[in-house]
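Undergrad: My structure file input.cif, mmCIF, C-alpha atoms, is below:
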data_target
loop_
_atom_site.label_atom_id
_atom_site.label_comp_id
_atom_site.auth_asym_id
_atom_site.auth_seq_id
_atom_site.Cartn_x
_atom_site.Cartn_y
_atom_site.Cartn_z
CA MET A 1 10.78 -55.82 -0.21
CA THR A 2 11.32 -52.35 -1.56
CA GLU A 3 13.14 -49.64 0.35
CA ALA A 4 9.83 -47.83 0.91
CA GLN A 5 8.26 -50.97 2.39
CA LEU A 6 11.20 -51.49 4.72
CA ILE A 7 11.03 -47.91 5.95
CA GLN A 8 7.33 -48.33 6.72
CA ILE A 9 8.09 -51.52 8.66
CA ARG A 10 10.79 -49.74 10.64
CA ARG A 11 8.46 -46.86 11.48
CA HIS A 12 5.78 -49.22 12.74
CA LEU A 13 8.31 -51.05 14.90
CA HIS A 14 9.57 -47.73 16.20
CA GLN A 15 6.10 -46.88 17.47
CA ILE A 16 5.65 -50.08 19.50
CA PRO A 17 8.86 -50.44 21.58
CA GLU A 18 8.76 -52.96 24.42
CA LEU A 19 11.12 -53.83 27.24
CA ALA A 20 13.03 -57.09 27.64
CA LEU A 21 10.87 -60.23 27.72
CA GLN A 22 7.73 -58.12 27.19
CA GLU A 23 7.99 -57.86 23.38
CA THR A 24 4.55 -59.36 22.66
CA ALA A 25 3.31 -56.73 20.18
CA THR A 26 6.68 -56.71 18.44
CA HIS A 27 6.65 -60.51 18.22
CA ALA A 28 3.11 -60.49 16.79
CA TYR A 29 3.99 -57.85 14.21
CA LEU A 30 7.10 -59.74 13.10
CA GLN A 31 5.00 -62.86 12.65
CA ARG A 32 2.45 -60.96 10.54
CA VAL A 33 5.16 -59.58 8.27
CA ILE A 34 6.78 -63.00 7.88
CA GLU A 35 3.42 -64.56 7.04
CA THR A 36 3.17 -62.26 3.99
CA LEU A 37 6.35 -63.77 2.54
CA PRO A 38 6.46 -66.86 0.32
CA GLN A 39 6.47 -69.85 2.66
CA THR A 40 7.90 -72.52 0.32
CA TYR A 41 11.37 -72.55 1.89
CA LEU A 42 10.47 -71.28 5.35
CA THR A 43 9.98 -72.98 8.70
CA VAL A 44 8.86 -70.64 11.47
CA THR A 45 8.99 -71.61 15.13
CA THR A 46 8.44 -70.11 18.56
CA ALA A 47 9.30 -71.46 22.02
CA SER A 48 7.05 -71.80 25.06
CA ASN A 49 10.07 -71.34 27.35
CA LEU A 50 10.98 -68.02 25.69
CA PRO A 51 7.67 -66.83 24.22
CA THR A 52 8.78 -63.61 22.51
CA ALA A 53 11.63 -65.28 20.62
CA LEU A 54 11.09 -66.10 16.95
CA LEU A 55 13.14 -68.33 14.67
CA VAL A 56 12.83 -68.70 10.90
CA ARG A 57 14.70 -71.34 8.91
CA VAL A 58 15.21 -70.98 5.17
CA GLN A 59 15.89 -74.32 3.48
CA GLY A 60 18.93 -74.20 1.19
CA ARG A 61 18.92 -75.85 -2.21
CA GLN A 62 22.37 -77.49 -1.83
CA PRO A 63 23.32 -76.81 1.78
CA GLN A 64 26.88 -77.19 2.99
CA ARG A 65 26.24 -75.33 6.24
CA THR A 66 23.63 -73.42 8.22
CA ILE A 67 24.32 -69.71 8.50
CA GLY A 68 22.70 -67.86 11.38
CA TYR A 69 21.66 -64.22 11.42
CA ARG A 70 20.58 -62.66 14.70
CA THR A 71 18.64 -59.49 15.41
CA ASP A 72 17.56 -58.14 18.79
CA ILE A 73 13.99 -56.91 19.28
CA ASP A 74 13.67 -55.18 22.67
CA ALA A 75 13.80 -51.48 23.55
CA LEU A 76 14.90 -49.23 26.41
CA PRO A 77 13.19 -47.35 29.27
CA VAL A 78 13.84 -43.97 27.59
CA THR A 79 11.32 -41.22 26.85
CA GLU A 80 11.70 -40.14 23.23
CA THR A 81 12.26 -36.44 22.53
CA ASN A 82 12.19 -36.66 18.73
CA ASP A 83 9.21 -34.84 17.21
CA LEU A 84 8.29 -37.45 14.61
CA PRO A 85 4.94 -38.59 13.19
CA PHE A 86 6.01 -42.15 14.01
CA LYS A 87 7.50 -41.53 17.46
CA SER A 88 7.07 -44.08 20.24
CA GLN A 89 3.50 -44.61 21.34
CA HIS A 90 4.57 -46.32 24.55
CA PRO A 91 5.31 -43.74 27.27
CA GLY A 92 8.77 -44.01 28.74
CA ILE A 93 9.94 -46.65 26.25
CA MET A 94 11.91 -46.08 23.04
CA HIS A 95 14.01 -47.88 20.45
CA ALA A 96 16.92 -45.72 21.56
CA CYS A 97 19.47 -48.36 20.56
CA GLY A 98 18.15 -48.89 17.04
CA HIS A 99 16.78 -52.40 17.38
CA ASP A 100 13.96 -51.32 15.05
CA ILE A 101 16.66 -50.78 12.41
CA HIS A 102 18.19 -54.17 13.24
CA MET A 103 14.86 -55.99 12.86
CA THR A 104 14.05 -54.24 9.60
CA VAL A 105 17.38 -55.19 8.03
CA ALA A 106 16.80 -58.80 9.08
CA LEU A 107 13.31 -58.77 7.55
CA GLY A 108 14.74 -57.32 4.34
CA LEU A 109 17.24 -60.17 4.13
CA LEU A 110 14.63 -62.78 5.00
CA SER A 111 12.18 -61.46 2.40
CA TYR A 112 14.81 -61.77 -0.32
CA PHE A 113 15.85 -65.32 0.53
CA ALA A 114 12.22 -66.37 0.93
CA GLU A 115 11.86 -65.64 -2.79
CA GLN A 116 15.37 -66.54 -3.96
CA GLN A 117 16.25 -69.87 -2.37
CA PRO A 118 19.76 -69.71 -0.93
CA ARG A 119 22.35 -72.38 -1.49
CA ASP A 120 22.98 -72.88 2.24
CA ASN A 121 20.42 -73.08 5.02
CA LEU A 122 19.75 -69.82 6.82
CA VAL A 123 18.42 -69.34 10.35
CA PHE A 124 17.07 -65.93 11.34
CA PHE A 125 16.90 -65.45 15.10
CA PHE A 126 14.69 -62.59 16.34
CA GLN A 127 16.04 -62.42 19.89
CA PRO A 128 14.31 -60.83 22.89
CA ALA A 129 15.97 -59.20 25.87
CA GLU A 130 19.32 -57.98 24.60
CA GLU A 131 19.29 -54.81 26.68
CA SER A 132 18.76 -56.75 29.90
CA GLU A 133 18.01 -60.30 31.04
CA SER A 134 20.62 -61.85 28.69
CA GLY A 135 18.19 -63.01 26.01
CA GLY A 136 20.91 -64.65 23.92
CA LYS A 137 22.06 -66.77 26.83
CA LEU A 138 18.46 -67.64 27.74
CA ALA A 139 17.80 -68.82 24.19
CA TYR A 140 20.97 -70.88 23.97
CA ASP A 141 20.63 -72.43 27.43
CA ARG A 142 16.97 -73.29 26.81
CA GLY A 143 17.77 -75.16 23.61
CA LEU A 144 16.30 -72.85 20.97
CA LEU A 145 19.42 -73.01 18.80
CA THR A 146 19.52 -76.77 18.39
CA GLY A 147 18.69 -79.30 15.68
CA ASP A 148 17.64 -77.69 12.40
CA PHE A 149 17.94 -74.28 14.06
CA HIS A 150 21.57 -74.65 15.11
CA PRO A 151 23.83 -72.32 13.10
CA ASP A 152 27.30 -73.42 12.11
CA GLU A 153 28.27 -69.76 12.08
CA PHE A 154 26.51 -66.63 13.31
CA TYR A 155 26.34 -63.01 12.13
CA GLY A 156 24.70 -59.89 13.49
CA LEU A 157 24.95 -56.12 13.29
CA HIS A 158 24.66 -53.13 15.56
CA ASP A 159 23.88 -49.68 14.23
CA ASN A 160 26.44 -46.96 14.85
CA PRO A 161 25.43 -43.28 15.08
CA ASP A 162 29.00 -42.09 14.53
CA LEU A 163 29.57 -43.83 11.18
CA PRO A 164 28.31 -42.41 7.86
CA THR A 165 25.01 -43.79 6.65
CA GLY A 166 25.37 -47.30 5.24
CA THR A 167 29.01 -47.74 6.25
CA ILE A 168 29.98 -51.24 7.37
CA GLY A 169 32.43 -51.28 10.27
CA CYS A 170 34.21 -54.28 11.74
CA ARG A 171 37.47 -55.48 13.22
CA LEU A 172 39.35 -58.64 14.05
CA GLY A 173 39.33 -59.55 17.71
CA THR A 174 36.94 -57.96 20.20
CA LEU A 175 34.31 -55.56 18.87
CA PHE A 176 32.45 -54.95 22.17
CA ALA A 177 33.57 -55.39 25.74
CA GLY A 178 32.09 -57.89 28.12
CA THR A 179 30.31 -56.48 31.15
CA SER A 180 29.68 -57.69 34.68
CA GLU A 181 27.66 -56.07 37.43
CA VAL A 182 29.27 -55.86 40.86
CA ASN A 183 27.20 -55.41 44.03
CA VAL A 184 28.67 -54.88 47.48
CA THR A 185 26.88 -54.72 50.84
CA ILE A 186 28.81 -53.45 53.85
CA HIS A 187 27.49 -54.47 57.27
CA GLY A 188 28.76 -52.11 59.97
CA THR A 189 27.12 -50.95 63.21
CA SER A 190 24.90 -47.89 63.42
CA GLY A 191 25.05 -45.41 66.28
CA HIS A 192 24.83 -41.83 67.45
CA ALA A 193 27.01 -39.37 65.54
CA ALA A 194 28.36 -38.07 68.86
CA PHE A 195 29.68 -41.50 69.89
CA PRO A 196 31.58 -42.88 66.86
CA GLN A 197 33.63 -45.19 69.08
CA LYS A 198 30.46 -47.21 69.78
CA ALA A 199 29.63 -47.71 66.07
CA ASN A 200 31.28 -49.06 62.94
CA ASP A 201 30.68 -46.50 60.22
CA ALA A 202 29.64 -48.19 56.97
CA ILE A 203 30.18 -44.91 55.06
CA VAL A 204 33.81 -44.69 56.14
CA ILE A 205 34.31 -48.33 55.19
CA ALA A 206 32.65 -47.69 51.82
CA ALA A 207 34.90 -44.69 51.16
CA SER A 208 38.01 -46.70 51.92
CA LEU A 209 36.82 -49.61 49.81
CA ILE A 210 35.99 -47.43 46.81
CA MET A 211 39.41 -45.78 46.86
CA GLN A 212 41.15 -49.15 47.00
CA LEU A 213 39.00 -50.61 44.23
CA GLN A 214 40.10 -47.75 41.99
CA THR A 215 43.69 -49.01 42.21
CA ILE A 216 42.82 -52.24 40.37
CA VAL A 217 42.79 -50.75 36.88
CA ALA A 218 45.31 -48.03 37.75
CA ARG A 219 47.91 -50.35 39.28
CA ASN A 220 47.08 -53.98 38.43
CA VAL A 221 46.08 -53.78 34.77
CA ASP A 222 48.63 -53.41 31.97
CA PRO A 223 48.21 -49.84 30.62
CA THR A 224 48.10 -51.23 27.08
CA ALA A 225 45.18 -53.51 27.98
CA CYS A 226 41.59 -52.41 28.51
CA GLY A 227 39.66 -52.78 31.72
CA VAL A 228 37.07 -50.68 33.54
CA LEU A 229 35.75 -50.76 37.09
CA THR A 230 33.23 -48.05 37.92
CA ILE A 231 31.26 -47.76 41.14
CA GLY A 232 28.26 -45.79 39.96
CA LYS A 233 26.03 -45.93 43.01
CA LEU A 234 26.51 -45.61 46.77
CA THR A 235 23.55 -45.87 49.13
CA ALA A 236 23.97 -45.37 52.88
CA GLY A 237 22.56 -43.57 55.88
CA THR A 238 19.21 -42.09 56.87
CA ILE A 239 19.92 -38.79 58.67
CA ARG A 240 22.94 -36.57 59.34
CA ASN A 241 23.35 -37.36 63.03
CA VAL A 242 23.15 -41.16 62.79
CA ILE A 243 26.18 -43.22 61.82
CA ALA A 244 25.22 -45.56 59.00
CA GLY A 245 25.24 -49.23 59.83
CA GLU A 246 24.97 -50.43 56.27
CA ALA A 247 26.05 -49.30 52.80
CA GLN A 248 25.46 -50.66 49.32
CA LEU A 249 27.71 -50.15 46.33
CA ALA A 250 26.70 -50.92 42.74
CA GLY A 251 29.08 -50.82 39.82
CA THR A 252 30.17 -52.30 36.54
CA ILE A 253 33.22 -54.19 35.32
CA ARG A 254 34.15 -54.15 31.65
CA GLY A 255 36.90 -55.83 29.67
CA LEU A 256 37.78 -56.74 26.12
CA THR A 257 38.46 -60.35 27.13
CA GLN A 258 36.81 -62.70 29.57
CA ASP A 259 40.20 -63.16 31.24
CA MET A 260 40.28 -59.43 32.03
CA ILE A 261 36.80 -59.51 33.55
CA SER A 262 37.70 -62.56 35.65
CA PHE A 263 40.92 -60.90 36.82
CA ILE A 264 39.14 -57.73 37.95
CA GLN A 265 36.49 -59.80 39.74
CA ARG A 266 39.24 -61.70 41.59
CA ARG A 267 40.97 -58.49 42.68
CA VAL A 268 37.65 -57.05 43.89
CA ARG A 269 37.13 -60.13 46.08
CA GLU A 270 40.67 -59.86 47.48
CA ILE A 271 40.36 -56.16 48.31
CA VAL A 272 36.91 -56.63 49.85
CA ALA A 273 38.30 -59.39 52.07
CA GLY A 274 41.16 -57.17 53.20
CA VAL A 275 38.93 -54.17 53.96
CA ALA A 276 36.56 -56.40 55.92
CA VAL A 277 39.43 -57.53 58.14
CA THR A 278 40.77 -53.99 58.53
CA TYR A 279 37.44 -52.54 59.67
CA HIS A 280 36.08 -55.60 61.51
CA ALA A 281 33.05 -55.64 59.20
CA GLN A 282 31.14 -58.16 57.17
CA ILE A 283 31.21 -57.29 53.46
CA ASP A 284 29.29 -59.30 50.89
CA VAL A 285 30.12 -59.06 47.19
CA THR A 286 28.31 -60.60 44.23
CA PHE A 287 28.82 -60.44 40.48
CA ASN A 288 26.28 -60.80 37.70
CA GLN A 289 27.57 -61.15 34.16
CA GLY A 290 24.77 -63.15 32.61
CA GLY A 291 25.32 -63.41 28.87
CA TYR A 292 27.23 -60.17 28.41
CA TYR A 293 30.52 -61.73 27.35
CA PRO A 294 33.03 -59.87 25.18
CA VAL A 295 31.98 -59.89 21.52
CA GLU A 296 35.06 -61.70 20.23
CA ASN A 297 34.86 -62.09 16.47
CA ASN A 298 36.02 -65.39 15.02
CA ALA A 299 39.29 -64.75 13.15
CA PRO A 300 38.77 -66.78 9.92
CA LEU A 301 35.11 -65.82 9.50
CA THR A 302 35.78 -62.16 10.26
CA THR A 303 38.75 -62.02 7.91
CA ASN A 304 36.51 -63.39 5.17
CA PHE A 305 33.78 -60.86 6.02
CA ILE A 306 36.17 -57.91 6.00
CA GLN A 307 37.83 -58.97 2.76
CA TYR A 308 34.46 -59.19 1.03
CA MET A 309 33.32 -55.77 2.27
CA GLN A 310 36.63 -54.14 1.35
CA ALA A 311 36.53 -55.63 -2.15
CA THR A 312 32.94 -54.61 -2.91
CA PRO A 313 32.81 -51.26 -4.75
CA ASP A 314 29.36 -50.26 -3.46
CA VAL A 315 30.31 -50.80 0.19
CA ASP A 316 31.98 -48.16 2.33
CA PHE A 317 33.98 -50.21 4.82
CA GLN A 318 35.86 -48.94 7.86
CA THR A 319 38.04 -50.79 10.36
CA THR A 320 36.66 -49.72 13.72
CA PRO A 321 38.23 -49.67 17.20
CA PRO A 322 36.80 -51.79 20.02
CA ALA A 323 34.00 -50.26 22.09
CA MET A 324 33.43 -50.65 25.81
CA THR A 325 29.68 -51.07 25.32
CA GLY A 326 28.16 -54.48 26.10
CA GLU A 327 26.19 -56.88 23.89
CA ASP A 328 24.84 -60.32 24.72
CA PHE A 329 25.72 -61.56 21.24
CA GLY A 330 29.06 -62.15 22.93
CA TYR A 331 27.61 -65.15 24.74
CA LEU A 332 26.40 -66.66 21.47
CA LEU A 333 29.82 -66.08 19.89
CA SER A 334 31.40 -67.91 22.84
CA LYS A 335 29.37 -70.96 21.76
CA ILE A 336 29.11 -70.53 17.97
CA PRO A 337 31.80 -68.95 15.77
CA GLY A 338 30.74 -65.77 14.06
CA THR A 339 31.08 -62.05 13.47
CA MET A 340 29.38 -58.89 14.70
CA PHE A 341 29.74 -55.67 12.75
CA TRP A 342 28.54 -52.07 12.68
CA LEU A 343 26.07 -50.43 10.30
CA GLY A 344 26.49 -46.67 10.13
CA VAL A 345 23.29 -44.66 10.67
CA ALA A 346 24.69 -41.11 11.18
CA SER A 347 22.34 -40.18 14.02
CA PRO A 348 22.56 -36.74 15.66
CA GLY A 349 21.83 -38.41 18.99
CA GLY A 350 23.92 -41.22 20.38
CA LEU A 351 22.99 -44.75 21.36
CA HIS A 352 20.58 -44.90 24.32
CA ALA A 353 19.87 -41.17 23.93
CA ALA A 354 16.34 -39.76 23.89
CA ASN A 355 17.09 -38.04 20.56
CA PHE A 356 18.58 -41.08 18.81
CA GLN A 357 17.37 -40.74 15.22
CA PRO A 358 19.09 -43.04 12.69
CA ASN A 359 19.13 -42.25 8.99
CA GLU A 360 16.68 -44.72 7.42
CA ALA A 361 18.67 -44.83 4.20
CA ALA A 362 21.03 -47.17 6.04
CA ILE A 363 18.41 -49.94 6.05
CA PHE A 364 18.44 -50.76 2.35
CA GLN A 365 22.19 -50.18 2.11
CA GLY A 366 22.68 -52.65 4.94
CA VAL A 367 20.40 -55.24 3.35
CA THR A 368 22.27 -54.95 0.05
CA ALA A 369 25.73 -55.29 1.59
CA ILE A 370 24.83 -58.22 3.86
CA ARG A 371 22.91 -60.02 1.13
CA GLY A 372 25.96 -59.80 -1.10
CA PHE A 373 28.19 -61.14 1.65
CA LEU A 374 25.88 -64.08 2.34
CA TYR A 375 25.80 -65.01 -1.34
CA ASN A 376 29.57 -64.84 -1.47
CA ARG A 377 29.89 -66.94 1.68
CA MET A 378 27.69 -69.64 0.18
CA THR A 379 30.07 -70.07 -2.77
CA GLN A 380 32.99 -71.00 -0.51
#
Translate this structure into structure tokens?
TA:
Amino acid sequence: MTEAQLIQIRRHLHQIPELALQETATHAYLQRVIETLPQTYLTVTTASNLPTALLVRVQGRQPQRTIGYRTDIDALPVTETNDLPFKSQHPGIMHACGHDIHMTVALGLLSYFAEQQPRDNLVFFFQPAEESESGGKLAYDRGLLTGDFHPDEFYGLHDNPDLPTGTIGCRLGTLFAGTSEVNVTIHGTSGHAAFPQKANDAIVIAASLIMQLQTIVARNVDPTACGVLTIGKLTAGTIRNVIAGEAQLAGTIRGLTQDMISFIQRRVREIVAGVAVTYHAQIDVTFNQGGYYPVENNAPLTTNFIQYMQATPDVDFQTTPPAMTGEDFGYLLSKIPGTMFWLGVASPGGLHAANFQPNEAAIFQGVTAIRGFLYNRMTQ
């Protein structure tokens, strides 16, 4: 595909954003584009137990391995503010994380290898539900990445608004943090504001609990390590002169390793148990991590990837720091060795912002750099 064709594909995808597990129009459009490619080396499959997922296998001519390439396809509940002729046509939904760029790069790679048979087998995974619902975990647990569609190693990109257009960024170790939701329900006893001794104030308990939870990272985590615990929502009470009998807290835990996330979860449980005893209250706590594990890049594969990008004159490579954002590719990398990397898109608006507007020149630059890497990988 030419650069102009890829840009037109991206603009069409940008106009039809869909939320997690609802990507039916996106899925249909991807299938139509793939059907225009030479089919000699291709096997295309869908799955009844994950209907918006799409897998394409390219048969290698002398395969030593199967290399996987993953792209996410869902969008976000964001109302676009960009004044573009190809802006989102779906009210309240936008490709504010650049998955339209991700899909287009994947289609550019697939179109090339559909015409130029690769040495190794390739599997392209168009994955639903990255932004929520843990689509990568759903696909793996439901057996989509098995048999001929099981990669021996996996690669994927995420666009980066803060990197120059076309720049490839990567690092050894963790690229993105893992994330876990934390939900707490405090069961106190409601009562009249004038008679606090006859009630058990869930708001007071919540305040005490929140302050103690904030000591976990401040006093239990090594300052040179990375961990986050944020309580972002507190819901309690109905009116000013009634003591609240119940309170709900909602927050997020983030860490660069799964051990860090597990440690923070354990300390939350311990503190909750102690506060419950102190205030004679029942406090329930649950965690939901799903597939949002830390994106821990495989050391040998990532070293090879970085060395190639650094040695290629036409590639602008940067070593990037870890980010505390989450990505469900981390779950796939916990099962299959691989590497995630950044593609710079120099957007004036940040990820998940209503004015996110990536530079489309990054698409063809990304295709060229990744295609070169895949060819190099197949010679090893």
Undergrad: Using all atoms listed in the file, which residues of range 265-357 of chain A come within 7 Å of range 90-112 of chain A, and what is the closest atom pair for each, with the distance in Å to one decimal? Give it as a tab-separated table, sorted by chain and residue number.
TA:
residue	atom	partner	partner_atom	distance
A:Leu351	CA	A:Cys97	CA	5.1
A:His352	CA	A:Ala96	CA	4.7
A:Ala353	CA	A:Ala96	CA	5.9
A:Ala354	CA	A:Ala96	CA	6.4
A:Phe356	CA	A:Ala96	CA	5.6
Undergrad: If you measure from CA of Asn376 in chain A to CA of Phe126 in chain A, what distance in Å do you get, rounded to one decimal?
TA: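 A separation of 23.3 Å between them.
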Undergrad: List the residues selected by the PyMOL selection byres ((chain A and resi 291) around 10) in the file shown, writing them as a count of residues only.
TA: 26
Undergrad: Work out how far apart CA of Leu374 in chain A and CA of Cys170 in chain A are and give it in Å to one decimal.
TA: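 Straight-line distance from CA of Leu374 in chain A to CA of Cys170 in chain A works out to 15.9 Å.
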Undergrad: Point out the residue among A:Thr278, A:Arg267, A:Gly173, A:Leu249 with the least atom-to-atom distance to Thr303 in chain A, counting only C-alpha atoms.
TA: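 Closest to Thr303 in chain A of all the choices is A:Gly173.
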Undergrad: Would you mind telling me which residue in A:Asp314, A:Gln357, A:Ile363, A:Asp222 lies nearest to Leu84 in chain A when using all atoms listed in the file?
TA: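 That would be A:Gln357, the residue with the smallest distance to Leu84 in chain A.
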Undergrad: Which residue gives the smallest distance to Ala20 in chain A among A:Thr312, A:Pro348, A:Pro51, A:Arg70, with only C-alpha atoms counted?
TA: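 Residue with the minimum atom-to-atom distance to Ala20 in chain A: A:Pro51.
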Undergrad: In Å, rounded to a single decimal, give me how far CA of Leu175 in chain A is from CA of Ala225 in chain A.
TA: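 Going from CA of Ala225 in chain A over to CA of Leu175 in chain A covers 14.3 Å.
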Undergrad: Go through the shown structure with the PyMOL selection byres ((chain A and resi 233-239) around 10) and write out the matching residues as a PyMOL selection string.
TA: chain A and resi 183-186+190+193+201-203+206-207+210+230-232+240-252
Undergrad: With distances taken over only C-alpha atoms, which residue among A:Ile336, A:Cys226, A:Ala346, A:Ile205 lies nearest Glu153 in chain A?
TA: A:Ile336
Undergrad: Using all atoms listed in the file, pick whichever of A:Val182, A:Ala53, A:Met324, A:Val123 has the shortest atom-to-atom distance to Asp284 in chain A.
TA: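 With all atoms listed in the file as the atom set, the closest residue is A:Val182.
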Undergrad: List the neighbours of Pro358 in chain A out to 7 Å using all atoms listed in the file; skip same-chain residues closer than 3 positions along the sequence, and give me the result as a list of chain:residue names.
TA: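 Non-adjacent residues within range: A:Pro161, A:Val345, A:Ala346, A:Ser347.
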Undergrad: List the neighbours of Thr45 in chain A out to 9 Å using only C-alpha atoms; skip same-chain residues closer than 4 positions along the sequence, and give me the result as a PDB file with C-alpha atoms, in the coordinates of the input.
TA:
ATOM      1  CA  ALA A  53      11.630 -65.280  20.620  1.00  0.00           C
ATOM      2  CA  LEU A  54      11.090 -66.100  16.950  1.00  0.00           C
ATOM      3  CA  LEU A  55      13.140 -68.330  14.670  1.00  0.00           C
ATOM      4  CA  VAL A  56      12.830 -68.700  10.900  1.00  0.00           C
ATOM      5  CA  ARG A  57      14.700 -71.340   8.910  1.00  0.00           C
TER       6      ARG A  57
END
Undergrad: Identify the residues around (24.0, -54.7, 3.6) within a radius of 12 Å, measuring from all atoms listed in the file in the coordinates stated by the file, and give them as a VMD selection string.
TA: chain A and resid 102 104 to 106 108 to 109 156 to 157 159 165 to 169 305 308 to 309 312 314 to 317 341 to 344 361 to 375
Undergrad: Generate the output file for the selected residues, C-alpha atoms, as an mmCIF file, in the frame of the given file.
TA:
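File produced: out.cif:
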data_model
loop_
_atom_site.group_PDB
_atom_site.id
_atom_site.type_symbol
_atom_site.label_atom_id
_atom_site.label_comp_id
_atom_site.auth_asym_id
_atom_site.auth_seq_id
_atom_site.Cartn_x
_atom_site.Cartn_y
_atom_site.Cartn_z
ATOM 1 C CA HIS A 102 18.190 -54.170 13.240
ATOM 2 C CA THR A 104 14.050 -54.240 9.600
ATOM 3 C CA VAL A 105 17.380 -55.190 8.030
ATOM 4 C CA ALA A 106 16.800 -58.800 9.080
ATOM 5 C CA GLY A 108 14.740 -57.320 4.340
ATOM 6 C CA LEU A 109 17.240 -60.170 4.130
ATOM 7 C CA GLY A 156 24.700 -59.890 13.490
ATOM 8 C CA LEU A 157 24.950 -56.120 13.290
ATOM 9 C CA ASP A 159 23.880 -49.680 14.230
ATOM 10 C CA THR A 165 25.010 -43.790 6.650
ATOM 11 C CA GLY A 166 25.370 -47.300 5.240
ATOM 12 C CA THR A 167 29.010 -47.740 6.250
ATOM 13 C CA ILE A 168 29.980 -51.240 7.370
ATOM 14 C CA GLY A 169 32.430 -51.280 10.270
ATOM 15 C CA PHE A 305 33.780 -60.860 6.020
ATOM 16 C CA TYR A 308 34.460 -59.190 1.030
ATOM 17 C CA MET A 309 33.320 -55.770 2.270
ATOM 18 C CA THR A 312 32.940 -54.610 -2.910
ATOM 19 C CA ASP A 314 29.360 -50.260 -3.460
ATOM 20 C CA VAL A 315 30.310 -50.800 0.190
ATOM 21 C CA ASP A 316 31.980 -48.160 2.330
ATOM 22 C CA PHE A 317 33.980 -50.210 4.820
ATOM 23 C CA PHE A 341 29.740 -55.670 12.750
ATOM 24 C CA TRP A 342 28.540 -52.070 12.680
ATOM 25 C CA LEU A 343 26.070 -50.430 10.300
ATOM 26 C CA GLY A 344 26.490 -46.670 10.130
ATOM 27 C CA ALA A 361 18.670 -44.830 4.200
ATOM 28 C CA ALA A 362 21.030 -47.170 6.040
ATOM 29 C CA ILE A 363 18.410 -49.940 6.050
ATOM 30 C CA PHE A 364 18.440 -50.760 2.350
ATOM 31 C CA GLN A 365 22.190 -50.180 2.110
ATOM 32 C CA GLY A 366 22.680 -52.650 4.940
ATOM 33 C CA VAL A 367 20.400 -55.240 3.350
ATOM 34 C CA THR A 368 22.270 -54.950 0.050
ATOM 35 C CA ALA A 369 25.730 -55.290 1.590
ATOM 36 C CA ILE A 370 24.830 -58.220 3.860
ATOM 37 C CA ARG A 371 22.910 -60.020 1.130
ATOM 38 C CA GLY A 372 25.960 -59.800 -1.100
ATOM 39 C CA PHE A 373 28.190 -61.140 1.650
ATOM 40 C CA LEU A 374 25.880 -64.080 2.340
ATOM 41 C CA TYR A 375 25.800 -65.010 -1.340
#
Undergrad: Take every atom of range 322-332 of chain A listed in the file, fit an axis-aligned box around them, add 3 Å per side, and give the centre and edge lengths in Å to one decimal as lines of an AutoDock Vina configuration file.
TA:
center_x = 30.8
center_y = -58.5
center_z = 23.1
size_x = 18.0
size_y = 22.4
size_z = 12.1
Undergrad: List the neighbours of range 115-120 of chain A out to 12 Å using only C-alpha atoms; skip same-chain residues closer than 6 positions along the sequence, and give me the result as a PyMOL selection string.
TA: chain A and resi 1+36-42+57-68+108-109+151-153+371-372+374-380
